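Peer 1: File entry-v1.pdb below, PDB, C-alpha atoms:
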```
ATOM      1  CA  MET A  12     -25.157 -27.768 -24.667  1.00  0.00           C
ATOM      2  CA  LEU A  13     -24.190 -24.277 -23.502  1.00  0.00           C
ATOM      3  CA  LEU A  14     -23.362 -23.957 -19.820  1.00  0.00           C
ATOM      4  CA  ALA A  15     -24.593 -20.354 -19.627  1.00  0.00           C
ATOM      5  CA  LYS A  16     -27.993 -21.348 -21.029  1.00  0.00           C
ATOM      6  CA  SER A  17     -28.366 -24.379 -18.782  1.00  0.00           C
ATOM      7  CA  THR A  18     -29.606 -24.769 -15.211  1.00  0.00           C
ATOM      8  CA  TRP A  19     -27.491 -26.206 -12.411  1.00  0.00           C
ATOM      9  CA  ILE A  20     -29.708 -29.286 -12.475  1.00  0.00           C
ATOM     10  CA  GLU A  21     -28.939 -29.845 -16.166  1.00  0.00           C
ATOM     11  CA  ILE A  22     -25.210 -29.464 -15.513  1.00  0.00           C
ATOM     12  CA  LYS A  23     -25.410 -31.938 -12.623  1.00  0.00           C
ATOM     13  CA  THR A  24     -27.080 -34.424 -14.971  1.00  0.00           C
ATOM     14  CA  TYR A  25     -24.470 -33.812 -17.672  1.00  0.00           C
ATOM     15  CA  LEU A  26     -21.671 -34.553 -15.187  1.00  0.00           C
ATOM     16  CA  GLU A  27     -23.122 -38.005 -14.642  1.00  0.00           C
ATOM     17  CA  LYS A  28     -22.037 -38.914 -18.175  1.00  0.00           C
ATOM     18  CA  SER A  29     -19.063 -36.660 -18.879  1.00  0.00           C
ATOM     19  CA  SER A  30     -16.441 -34.613 -17.044  1.00  0.00           C
ATOM     20  CA  THR A  31     -15.228 -32.824 -20.194  1.00  0.00           C
ATOM     21  CA  ILE A  32     -15.963 -29.191 -21.044  1.00  0.00           C
ATOM     22  CA  VAL A  33     -14.840 -26.904 -23.878  1.00  0.00           C
ATOM     23  CA  ILE A  34     -13.728 -23.398 -22.906  1.00  0.00           C
ATOM     24  CA  PRO A  35     -13.374 -20.841 -25.724  1.00  0.00           C
ATOM     25  CA  ILE A  36     -10.634 -18.386 -24.778  1.00  0.00           C
ATOM     26  CA  GLY A  37      -9.264 -15.373 -26.613  1.00  0.00           C
ATOM     27  CA  SER A  38      -8.638 -11.666 -26.378  1.00  0.00           C
ATOM     28  CA  ASN A  39     -10.245  -8.293 -27.035  1.00  0.00           C
ATOM     29  CA  GLU A  40      -7.734  -6.400 -29.153  1.00  0.00           C
ATOM     30  CA  GLN A  41      -7.267  -4.438 -32.344  1.00  0.00           C
ATOM     31  CA  HIS A  42      -7.335  -6.360 -35.628  1.00  0.00           C
ATOM     32  CA  GLY A  43      -6.413  -3.743 -38.183  1.00  0.00           C
ATOM     33  CA  PRO A  44      -8.744  -1.308 -39.936  1.00  0.00           C
ATOM     34  CA  THR A  45     -11.480  -3.885 -40.640  1.00  0.00           C
ATOM     35  CA  GLY A  46     -11.076  -6.560 -37.986  1.00  0.00           C
ATOM     36  CA  LEU A  47     -13.481  -6.562 -35.046  1.00  0.00           C
ATOM     37  CA  LEU A  48     -11.940  -6.003 -31.633  1.00  0.00           C
ATOM     38  CA  GLY A  49     -13.509  -9.241 -30.438  1.00  0.00           C
ATOM     39  CA  THR A  50     -12.084 -11.340 -33.289  1.00  0.00           C
ATOM     40  CA  ASP A  51      -9.815 -13.489 -31.108  1.00  0.00           C
ATOM     41  CA  TRP A  52     -12.564 -14.504 -28.701  1.00  0.00           C
ATOM     42  CA  MET A  53     -15.285 -14.606 -31.339  1.00  0.00           C
ATOM     43  CA  CYS A  54     -13.498 -17.167 -33.542  1.00  0.00           C
ATOM     44  CA  PRO A  55     -13.169 -19.920 -30.907  1.00  0.00           C
ATOM     45  CA  GLU A  56     -16.671 -19.168 -29.629  1.00  0.00           C
ATOM     46  CA  ILE A  57     -18.136 -19.392 -33.149  1.00  0.00           C
ATOM     47  CA  ILE A  58     -16.356 -22.695 -33.820  1.00  0.00           C
ATOM     48  CA  ALA A  59     -17.237 -24.195 -30.423  1.00  0.00           C
ATOM     49  CA  ASN A  60     -20.891 -23.210 -30.759  1.00  0.00           C
ATOM     50  CA  GLU A  61     -21.061 -24.684 -34.261  1.00  0.00           C
ATOM     51  CA  ALA A  62     -19.559 -27.932 -32.967  1.00  0.00           C
ATOM     52  CA  GLU A  63     -22.047 -27.939 -30.076  1.00  0.00           C
ATOM     53  CA  ARG A  64     -24.918 -27.738 -32.557  1.00  0.00           C
ATOM     54  CA  GLN A  65     -23.626 -30.873 -34.273  1.00  0.00           C
ATOM     55  CA  ALA A  66     -22.479 -33.007 -31.341  1.00  0.00           C
ATOM     56  CA  ASP A  67     -22.950 -33.687 -27.638  1.00  0.00           C
ATOM     57  CA  LEU A  68     -20.520 -31.090 -26.270  1.00  0.00           C
ATOM     58  CA  LEU A  69     -20.721 -28.810 -23.260  1.00  0.00           C
ATOM     59  CA  VAL A  70     -19.355 -25.328 -23.987  1.00  0.00           C
ATOM     60  CA  ALA A  71     -18.462 -22.920 -21.197  1.00  0.00           C
ATOM     61  CA  PRO A  72     -18.880 -19.138 -21.361  1.00  0.00           C
ATOM     62  CA  THR A  73     -16.107 -17.542 -23.397  1.00  0.00           C
ATOM     63  CA  PHE A  74     -13.015 -16.243 -21.596  1.00  0.00           C
ATOM     64  CA  ASN A  75     -12.832 -13.075 -23.688  1.00  0.00           C
ATOM     65  CA  ILE A  76     -10.010 -11.003 -22.190  1.00  0.00           C
ATOM     66  CA  GLY A  77      -6.437 -12.206 -22.546  1.00  0.00           C
ATOM     67  CA  MET A  78      -2.798 -11.153 -22.672  1.00  0.00           C
ATOM     68  CA  ALA A  79      -2.723  -8.350 -25.265  1.00  0.00           C
ATOM     69  CA  GLN A  80      -0.464  -5.666 -23.778  1.00  0.00           C
ATOM     70  CA  HIS A  81       1.372  -5.238 -27.109  1.00  0.00           C
ATOM     71  CA  HIS A  82      -1.867  -3.992 -28.705  1.00  0.00           C
ATOM     72  CA  LEU A  83      -2.585  -1.313 -26.093  1.00  0.00           C
ATOM     73  CA  GLY A  84      -1.417   1.407 -28.486  1.00  0.00           C
ATOM     74  CA  PHE A  85      -4.757   0.975 -30.286  1.00  0.00           C
ATOM     75  CA  PRO A  86      -8.046   2.200 -28.721  1.00  0.00           C
ATOM     76  CA  GLY A  87     -10.445  -0.511 -27.601  1.00  0.00           C
ATOM     77  CA  THR A  88      -7.845  -3.104 -26.680  1.00  0.00           C
ATOM     78  CA  ILE A  89      -8.300  -4.579 -23.190  1.00  0.00           C
ATOM     79  CA  SER A  90      -5.502  -6.615 -21.640  1.00  0.00           C
ATOM     80  CA  LEU A  91      -4.674  -8.515 -18.478  1.00  0.00           C
ATOM     81  CA  ARG A  92      -1.199  -8.753 -16.993  1.00  0.00           C
ATOM     82  CA  PRO A  93       0.213 -12.281 -17.363  1.00  0.00           C
ATOM     83  CA  SER A  94      -0.002 -12.782 -13.580  1.00  0.00           C
ATOM     84  CA  THR A  95      -3.658 -11.662 -13.546  1.00  0.00           C
ATOM     85  CA  PHE A  96      -4.465 -13.880 -16.525  1.00  0.00           C
ATOM     86  CA  ILE A  97      -2.895 -16.908 -14.829  1.00  0.00           C
ATOM     87  CA  ALA A  98      -4.843 -16.246 -11.616  1.00  0.00           C
ATOM     88  CA  ALA A  99      -8.117 -15.875 -13.515  1.00  0.00           C
ATOM     89  CA  ILE A 100      -7.615 -19.068 -15.546  1.00  0.00           C
ATOM     90  CA  CYS A 101      -6.764 -20.978 -12.377  1.00  0.00           C
ATOM     91  CA  ASP A 102      -9.848 -19.745 -10.519  1.00  0.00           C
ATOM     92  CA  TRP A 103     -12.022 -20.461 -13.571  1.00  0.00           C
ATOM     93  CA  SER A 104     -10.616 -23.995 -13.715  1.00  0.00           C
ATOM     94  CA  ARG A 105     -10.879 -24.585  -9.963  1.00  0.00           C
ATOM     95  CA  SER A 106     -14.540 -23.586 -10.071  1.00  0.00           C
ATOM     96  CA  LEU A 107     -15.261 -26.164 -12.754  1.00  0.00           C
ATOM     97  CA  ALA A 108     -13.133 -28.842 -11.104  1.00  0.00           C
ATOM     98  CA  LEU A 109     -14.936 -28.317  -7.792  1.00  0.00           C
ATOM     99  CA  HIS A 110     -18.139 -29.637  -9.378  1.00  0.00           C
ATOM    100  CA  GLY A 111     -16.509 -32.582 -11.139  1.00  0.00           C
ATOM    101  CA  PHE A 112     -15.137 -31.267 -14.433  1.00  0.00           C
ATOM    102  CA  GLU A 113     -11.784 -33.003 -14.692  1.00  0.00           C
ATOM    103  CA  HIS A 114     -11.022 -32.591 -18.402  1.00  0.00           C
ATOM    104  CA  LEU A 115     -10.788 -28.946 -19.449  1.00  0.00           C
ATOM    105  CA  TYR A 116     -10.338 -28.285 -23.163  1.00  0.00           C
ATOM    106  CA  PHE A 117      -9.332 -24.699 -23.903  1.00  0.00           C
ATOM    107  CA  LEU A 118      -9.963 -23.617 -27.513  1.00  0.00           C
ATOM    108  CA  ASN A 119      -7.768 -20.567 -28.011  1.00  0.00           C
ATOM    109  CA  GLY A 120      -8.019 -17.708 -30.495  1.00  0.00           C
ATOM    110  CA  HIS A 121      -4.990 -15.557 -29.618  1.00  0.00           C
ATOM    111  CA  GLY A 122      -1.368 -16.593 -30.060  1.00  0.00           C
ATOM    112  CA  GLY A 123      -0.271 -14.137 -27.379  1.00  0.00           C
ATOM    113  CA  ASN A 124      -2.211 -16.176 -24.804  1.00  0.00           C
ATOM    114  CA  VAL A 125      -0.341 -19.439 -25.298  1.00  0.00           C
ATOM    115  CA  ALA A 126       2.608 -19.018 -22.931  1.00  0.00           C
ATOM    116  CA  THR A 127       0.414 -17.673 -20.137  1.00  0.00           C
ATOM    117  CA  ILE A 128      -2.236 -20.390 -20.486  1.00  0.00           C
ATOM    118  CA  GLU A 129       0.462 -23.055 -20.383  1.00  0.00           C
ATOM    119  CA  ALA A 130       1.877 -21.405 -17.245  1.00  0.00           C
ATOM    120  CA  ALA A 131      -1.600 -21.542 -15.684  1.00  0.00           C
ATOM    121  CA  PHE A 132      -1.786 -25.261 -16.482  1.00  0.00           C
ATOM    122  CA  SER A 133       1.543 -25.739 -14.701  1.00  0.00           C
ATOM    123  CA  GLU A 134       0.152 -23.966 -11.635  1.00  0.00           C
ATOM    124  CA  LEU A 135      -2.934 -26.206 -11.644  1.00  0.00           C
ATOM    125  CA  TYR A 136      -0.884 -29.381 -12.050  1.00  0.00           C
ATOM    126  CA  ALA A 137       1.501 -28.306  -9.282  1.00  0.00           C
ATOM    127  CA  GLU A 138      -1.452 -27.612  -7.005  1.00  0.00           C
ATOM    128  CA  ALA A 139      -2.897 -31.045  -7.747  1.00  0.00           C
ATOM    129  CA  SER A 140       0.477 -32.720  -7.162  1.00  0.00           C
ATOM    130  CA  PHE A 141       1.332 -30.977  -3.897  1.00  0.00           C
ATOM    131  CA  GLY A 142      -2.225 -31.359  -2.671  1.00  0.00           C
ATOM    132  CA  GLY A 143      -2.309 -35.076  -3.341  1.00  0.00           C
ATOM    133  CA  ARG A 144      -5.339 -34.754  -5.599  1.00  0.00           C
ATOM    134  CA  GLY A 145      -6.536 -37.900  -7.337  1.00  0.00           C
ATOM    135  CA  ARG A 146      -5.180 -38.750 -10.763  1.00  0.00           C
ATOM    136  CA  GLY A 147      -6.978 -37.858 -13.962  1.00  0.00           C
ATOM    137  CA  PHE A 148      -7.259 -34.053 -13.906  1.00  0.00           C
ATOM    138  CA  ALA A 149      -6.206 -32.811 -17.355  1.00  0.00           C
ATOM    139  CA  CYS A 150      -6.101 -29.560 -19.288  1.00  0.00           C
ATOM    140  CA  LYS A 151      -5.589 -29.223 -23.019  1.00  0.00           C
ATOM    141  CA  LEU A 152      -4.855 -26.120 -25.069  1.00  0.00           C
ATOM    142  CA  VAL A 153      -5.574 -26.022 -28.805  1.00  0.00           C
ATOM    143  CA  ASN A 154      -5.440 -23.001 -31.095  1.00  0.00           C
ATOM    144  CA  TRP A 155      -8.401 -23.120 -33.476  1.00  0.00           C
ATOM    145  CA  TRP A 156      -6.120 -22.661 -36.489  1.00  0.00           C
ATOM    146  CA  ASP A 157      -4.195 -25.800 -35.469  1.00  0.00           C
ATOM    147  CA  LEU A 158      -7.258 -28.039 -35.620  1.00  0.00           C
ATOM    148  CA  GLU A 159      -6.921 -30.746 -38.244  1.00  0.00           C
ATOM    149  CA  GLY A 160      -7.564 -29.507 -41.764  1.00  0.00           C
ATOM    150  CA  VAL A 161      -7.829 -25.803 -40.895  1.00  0.00           C
ATOM    151  CA  GLY A 162      -4.260 -24.832 -41.783  1.00  0.00           C
ATOM    152  CA  GLU A 163      -4.441 -26.728 -45.053  1.00  0.00           C
ATOM    153  CA  LEU A 164      -7.700 -25.027 -46.004  1.00  0.00           C
ATOM    154  CA  SER A 165      -6.342 -21.594 -45.046  1.00  0.00           C
ATOM    155  CA  GLY A 166      -3.337 -22.231 -47.261  1.00  0.00           C
ATOM    156  CA  ARG A 167      -5.599 -22.990 -50.219  1.00  0.00           C
ATOM    157  CA  LEU A 168      -7.894 -20.039 -49.593  1.00  0.00           C
ATOM    158  CA  PHE A 169      -5.085 -17.563 -48.870  1.00  0.00           C
ATOM    159  CA  PRO A 170      -1.852 -18.774 -50.488  1.00  0.00           C
ATOM    160  CA  THR A 171      -0.241 -15.355 -50.015  1.00  0.00           C
ATOM    161  CA  GLY A 172      -0.796 -12.545 -47.548  1.00  0.00           C
ATOM    162  CA  HIS A 173      -2.208 -14.638 -44.732  1.00  0.00           C
ATOM    163  CA  GLY A 174       0.227 -13.237 -42.188  1.00  0.00           C
ATOM    164  CA  MET A 175       0.243 -13.483 -38.398  1.00  0.00           C
ATOM    165  CA  HIS A 176      -2.257 -10.913 -37.133  1.00  0.00           C
ATOM    166  CA  ALA A 177      -5.528  -9.559 -38.558  1.00  0.00           C
ATOM    167  CA  THR A 178      -5.390 -12.537 -40.898  1.00  0.00           C
ATOM    168  CA  PRO A 179      -7.948 -13.080 -43.659  1.00  0.00           C
ATOM    169  CA  SER A 180      -8.944 -16.425 -42.105  1.00  0.00           C
ATOM    170  CA  GLU A 181      -9.983 -14.969 -38.754  1.00  0.00           C
ATOM    171  CA  ILE A 182     -11.610 -11.954 -40.399  1.00  0.00           C
ATOM    172  CA  ALA A 183     -13.553 -14.313 -42.702  1.00  0.00           C
ATOM    173  CA  ILE A 184     -14.910 -16.297 -39.744  1.00  0.00           C
ATOM    174  CA  THR A 185     -16.275 -13.165 -38.072  1.00  0.00           C
ATOM    175  CA  GLN A 186     -17.713 -11.987 -41.400  1.00  0.00           C
ATOM    176  CA  TRP A 187     -19.644 -15.246 -41.701  1.00  0.00           C
ATOM    177  CA  ALA A 188     -20.954 -15.093 -38.141  1.00  0.00           C
ATOM    178  CA  TYR A 189     -21.622 -11.343 -38.047  1.00  0.00           C
ATOM    179  CA  PRO A 190     -22.354 -10.198 -41.622  1.00  0.00           C
ATOM    180  CA  GLU A 191     -23.946  -7.003 -40.307  1.00  0.00           C
ATOM    181  CA  SER A 192     -20.540  -5.968 -38.917  1.00  0.00           C
ATOM    182  CA  ILE A 193     -18.414  -6.354 -42.070  1.00  0.00           C
ATOM    183  CA  LYS A 194     -16.064  -3.394 -42.555  1.00  0.00           C
ATOM    184  CA  SER A 195     -14.067  -2.210 -45.572  1.00  0.00           C
ATOM    185  CA  ALA A 196     -10.864  -0.234 -46.035  1.00  0.00           C
ATOM    186  CA  SER A 197      -8.096   0.462 -48.544  1.00  0.00           C
ATOM    187  CA  TYR A 198      -4.897  -1.229 -47.410  1.00  0.00           C
ATOM    188  CA  ARG A 199      -1.543   0.457 -47.959  1.00  0.00           C
ATOM    189  CA  PRO A 200       0.508  -1.628 -48.468  1.00  0.00           C
ATOM    190  CA  ARG A 201      -1.759  -4.463 -49.522  1.00  0.00           C
ATOM    191  CA  VAL A 202       0.281  -6.967 -47.506  1.00  0.00           C
ATOM    192  CA  ALA A 203       1.473  -5.576 -44.170  1.00  0.00           C
ATOM    193  CA  ALA A 204       5.031  -5.737 -42.873  1.00  0.00           C
ATOM    194  CA  THR A 205       6.246  -8.388 -40.417  1.00  0.00           C
ATOM    195  CA  GLY A 206       8.687  -8.266 -37.530  1.00  0.00           C
ATOM    196  CA  PRO A 207       9.058  -8.770 -33.778  1.00  0.00           C
ATOM    197  CA  VAL A 208       6.416  -8.282 -31.082  1.00  0.00           C
ATOM    198  CA  ARG A 209       7.514  -6.235 -28.087  1.00  0.00           C
ATOM    199  CA  GLU A 210       5.817  -3.526 -26.026  1.00  0.00           C
ATOM    200  CA  ALA A 211       2.826  -1.445 -27.102  1.00  0.00           C
ATOM    201  CA  LEU A 212       4.534   1.724 -28.395  1.00  0.00           C
ATOM    202  CA  ASP A 213       7.021  -0.282 -30.441  1.00  0.00           C
ATOM    203  CA  PHE A 214       4.192  -2.374 -31.902  1.00  0.00           C
ATOM    204  CA  ARG A 215       2.214   0.707 -32.927  1.00  0.00           C
ATOM    205  CA  GLN A 216       5.271   2.208 -34.625  1.00  0.00           C
ATOM    206  CA  ARG A 217       6.158  -0.988 -36.517  1.00  0.00           C
ATOM    207  CA  TYR A 218       2.590  -1.820 -37.550  1.00  0.00           C
ATOM    208  CA  PRO A 219       0.756   1.521 -37.851  1.00  0.00           C
ATOM    209  CA  ASP A 220      -2.595   0.080 -38.971  1.00  0.00           C
ATOM    210  CA  GLY A 221      -2.362  -2.963 -36.677  1.00  0.00           C
ATOM    211  CA  ARG A 222      -1.787  -5.697 -39.255  1.00  0.00           C
ATOM    212  CA  MET A 223       1.165  -8.105 -39.298  1.00  0.00           C
ATOM    213  CA  GLY A 224       2.034  -9.646 -42.667  1.00  0.00           C
ATOM    214  CA  SER A 225      -1.611  -9.939 -43.645  1.00  0.00           C
ATOM    215  CA  ASP A 226      -4.009  -8.929 -46.397  1.00  0.00           C
ATOM    216  CA  PRO A 227      -7.489  -9.079 -44.805  1.00  0.00           C
ATOM    217  CA  ALA A 228      -9.094  -7.875 -48.068  1.00  0.00           C
ATOM    218  CA  GLN A 229      -9.088 -11.534 -49.154  1.00  0.00           C
ATOM    219  CA  ALA A 230     -11.620 -12.436 -46.462  1.00  0.00           C
ATOM    220  CA  SER A 231     -15.233 -13.228 -47.330  1.00  0.00           C
ATOM    221  CA  PRO A 232     -18.189 -14.794 -45.485  1.00  0.00           C
ATOM    222  CA  ASP A 233     -18.213 -17.890 -47.711  1.00  0.00           C
ATOM    223  CA  LYS A 234     -14.549 -18.563 -46.928  1.00  0.00           C
ATOM    224  CA  GLY A 235     -15.366 -18.102 -43.254  1.00  0.00           C
ATOM    225  CA  GLU A 236     -18.176 -20.636 -43.496  1.00  0.00           C
ATOM    226  CA  SER A 237     -15.782 -23.206 -44.993  1.00  0.00           C
ATOM    227  CA  LEU A 238     -13.249 -22.616 -42.242  1.00  0.00           C
ATOM    228  CA  VAL A 239     -15.848 -22.925 -39.476  1.00  0.00           C
ATOM    229  CA  SER A 240     -17.215 -26.143 -40.970  1.00  0.00           C
ATOM    230  CA  VAL A 241     -13.798 -27.822 -41.047  1.00  0.00           C
ATOM    231  CA  ALA A 242     -12.819 -26.479 -37.622  1.00  0.00           C
ATOM    232  CA  ALA A 243     -16.072 -27.557 -35.939  1.00  0.00           C
ATOM    233  CA  THR A 244     -15.798 -31.096 -37.295  1.00  0.00           C
ATOM    234  CA  SER A 245     -12.174 -31.355 -36.175  1.00  0.00           C
ATOM    235  CA  LEU A 246     -12.963 -29.898 -32.760  1.00  0.00           C
ATOM    236  CA  THR A 247     -15.680 -32.483 -32.154  1.00  0.00           C
ATOM    237  CA  ALA A 248     -13.283 -35.318 -32.972  1.00  0.00           C
ATOM    238  CA  ASP A 249     -10.430 -33.854 -30.914  1.00  0.00           C
ATOM    239  CA  VAL A 250     -12.568 -33.294 -27.832  1.00  0.00           C
ATOM    240  CA  ALA A 251     -13.864 -36.859 -28.054  1.00  0.00           C
ATOM    241  CA  GLN A 252     -10.300 -38.155 -28.273  1.00  0.00           C
ATOM    242  CA  PHE A 253      -9.235 -36.029 -25.304  1.00  0.00           C
ATOM    243  CA  ALA A 254     -12.114 -37.339 -23.196  1.00  0.00           C
ATOM    244  CA  ALA A 255     -11.371 -40.932 -24.201  1.00  0.00           C
ATOM    245  CA  GLU A 256      -7.651 -40.572 -23.436  1.00  0.00           C
ATOM    246  CA  SER A 257      -8.453 -39.266 -19.976  1.00  0.00           C
ATOM    247  CA  GLU A 258     -10.870 -42.098 -19.296  1.00  0.00           C
ATOM    248  CA  ARG A 259      -8.318 -44.708 -20.397  1.00  0.00           C
ATOM    249  CA  HIS A 260      -5.690 -43.051 -18.222  1.00  0.00           C
ATOM    250  CA  GLU A 261      -7.932 -43.169 -15.175  1.00  0.00           C
ATOM    251  CA  SER A 262      -8.804 -46.831 -15.715  1.00  0.00           C
ATOM    252  CA  GLN A 263      -5.144 -47.827 -15.448  1.00  0.00           C
ATOM    253  CA  PHE A 264      -4.823 -46.738 -11.815  1.00  0.00           C
TER     254      PHE A 264
END
```
Write the structure described by the file as structure tokens, please.
Peer 2:
Amino acid sequence: MLLAKSTWIEIKTYLEKSSTIVIPIGSNEQHGPTGLLGTDWMCPEIIANEAERQADLLVAPTFNIGMAQHHLGFPGTISLRPSTFIAAICDWSRSLALHGFEHLYFLNGHGGNVATIEAAFSELYAEASFGGRGRGFACKLVNWWDLEGVGELSGRLFPTGHGMHATPSEIAITQWAYPESIKSASYRPRVAATGPVREALDFRQRYPDGRMGSDPAQASPDKGESLVSVAATSLTADVAQFAAESERHESQF
């Protein structure tokens, strides 16, 4: 079930049986010469929507702008300041919690978001604690590549040149979902350099084509399909476990 394609009456009915919702979250940033700018929000959205087609999940609209200041040296990147990102996540979560969603599962597609999302969770928990809110409110953050079985499959599909940014696994997922948008390029070097991540001008100088340690030429739609299949199955199981843990926790008090 997709929240954006549902009516308020349908959401009210859904809340009578579940207070859990999946929120795809990512970033709009450069992904090398062939990676789509939306890669980091597209991947969690693709996986969440595939899981929703197979199971009884409610998926929120995708939070598609994140903390990507280090990519601002590349045209098309859009970034929020960490403080703005925290405020937006908190308001997003408060809106859902106001109507009864108590278990918020964030499926993330951008490593640069992690610290800020966790900080937002701390703000929400502090607010609940100081405000004397009832027990049971819970947030969970999972990177799609950390879902069970995904890392193992990526290792088999891309034993070398997977890298950290503009990876063949994320490029493959977008190729499967959007075959009309597949791009091609000649990579020099084939596997990009690695190093630290700092501010935007430094990043552009260190990684002139935007890649970090990766060889996206290995990506293909069929590999993307395999990754989405494993990720969607694992997501369904993990969300169910999260919901069950929260329910057990509430029953103890």
Peer 1: Just to confirm, what's the straight-line distance from atom CA of A:Ala196 to atom CA of A:Gly46 in Å (one decimal)?
Peer 2: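 Between atom CA of A:Ala196 and atom CA of A:Gly46 the gap works out to 10.2 Å.
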Peer 1: Give me, as JSON lines, the closest atom pair and its distance (Å, one decimal) for every residue of stretch 147-255 of chain A within a cut-off of 10 Å of stretch 126-142 of chain A, counting only C-alpha atoms, rows sorted by chain and rising number.
Peer 2:
```
{"residue": "A:Phe148", "atom": "CA", "partner": "A:Tyr136", "partner_atom": "CA", "distance": 8.1}
{"residue": "A:Ala149", "atom": "CA", "partner": "A:Tyr136", "partner_atom": "CA", "distance": 8.3}
{"residue": "A:Cys150", "atom": "CA", "partner": "A:Phe132", "partner_atom": "CA", "distance": 6.7}
{"residue": "A:Lys151", "atom": "CA", "partner": "A:Phe132", "partner_atom": "CA", "distance": 8.5}
{"residue": "A:Leu152", "atom": "CA", "partner": "A:Glu129", "partner_atom": "CA", "distance": 7.7}
```
Peer 1: Have a look at A:Gly87, A:Gly147, A:Pro35, A:Ala243 and name the one nearest to A:Glu256; count all atoms listed in the file.
Peer 2: A:Gly147
Peer 1: Where does the PyMOL selection byres ((chain A and resi 228) around 9) land in this file, that is, which residues does it pick, as number ranges by chain?
Peer 2: A: 45, 179, 195-198, 201, 225-227, 229-231
Peer 1: Keeping only C-alpha atoms, take the residues you just selected and write them out as a compact mmCIF listing (two decimals), in the frame of the given file.
Peer 2:
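Everything below was put into selection_3.txt:
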```txt
# COMPACT_ATOMS: atom_id res chain seq x y z
CA THR A 45 -11.48 -3.88 -40.64
CA PRO A 179 -7.95 -13.08 -43.66
CA SER A 195 -14.07 -2.21 -45.57
CA ALA A 196 -10.86 -0.23 -46.04
CA SER A 197 -8.10 0.46 -48.54
CA TYR A 198 -4.90 -1.23 -47.41
CA ARG A 201 -1.76 -4.46 -49.52
CA SER A 225 -1.61 -9.94 -43.64
CA ASP A 226 -4.01 -8.93 -46.40
CA PRO A 227 -7.49 -9.08 -44.80
CA GLN A 229 -9.09 -11.53 -49.15
CA ALA A 230 -11.62 -12.44 -46.46
CA SER A 231 -15.23 -13.23 -47.33
```
Peer 1: Go through A:Ala99, A:Val70, A:Leu158, A:Ala204 one by one, measure the shortest atom-to-atom distance of each to A:Gly224 using only C-alpha atoms, and give the residue with the smallest value.
Peer 2: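 Result for the nearest residue to A:Gly224: A:Ala204.
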Peer 1: Just so the selection is clear, what residues does the PyMOL selection byres ((chain A and resi 15) around 7) cover here, as a list in words?
Peer 2: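 Selected by the PyMOL selection byres ((chain A and resi 15) around 7) in this file: Leu13, Leu14, Lys16, Ser17, Ala71 and Pro72 of chain A.
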Peer 1: So which residues fall inside 8 Å of (-2.0, -5.9, -39.3) if we count only C-alpha atoms? Mind giving them as a short mmCIF file (atom, residue, chain, number, x, y, z; two decimals) with C-alpha atoms, in the coordinates of the input?
Peer 2:
```cif
data_model
loop_
_atom_site.label_atom_id
_atom_site.label_comp_id
_atom_site.auth_asym_id
_atom_site.auth_seq_id
_atom_site.Cartn_x
_atom_site.Cartn_y
_atom_site.Cartn_z
CA HIS A 42 -7.34 -6.36 -35.63
CA GLY A 43 -6.41 -3.74 -38.18
CA MET A 175 0.24 -13.48 -38.40
CA HIS A 176 -2.26 -10.91 -37.13
CA ALA A 177 -5.53 -9.56 -38.56
CA THR A 178 -5.39 -12.54 -40.90
CA ALA A 203 1.47 -5.58 -44.17
CA ALA A 204 5.03 -5.74 -42.87
CA TYR A 218 2.59 -1.82 -37.55
CA ASP A 220 -2.60 0.08 -38.97
CA GLY A 221 -2.36 -2.96 -36.68
CA ARG A 222 -1.79 -5.70 -39.26
CA MET A 223 1.16 -8.10 -39.30
CA GLY A 224 2.03 -9.65 -42.67
CA SER A 225 -1.61 -9.94 -43.64
CA ASP A 226 -4.01 -8.93 -46.40
#
```
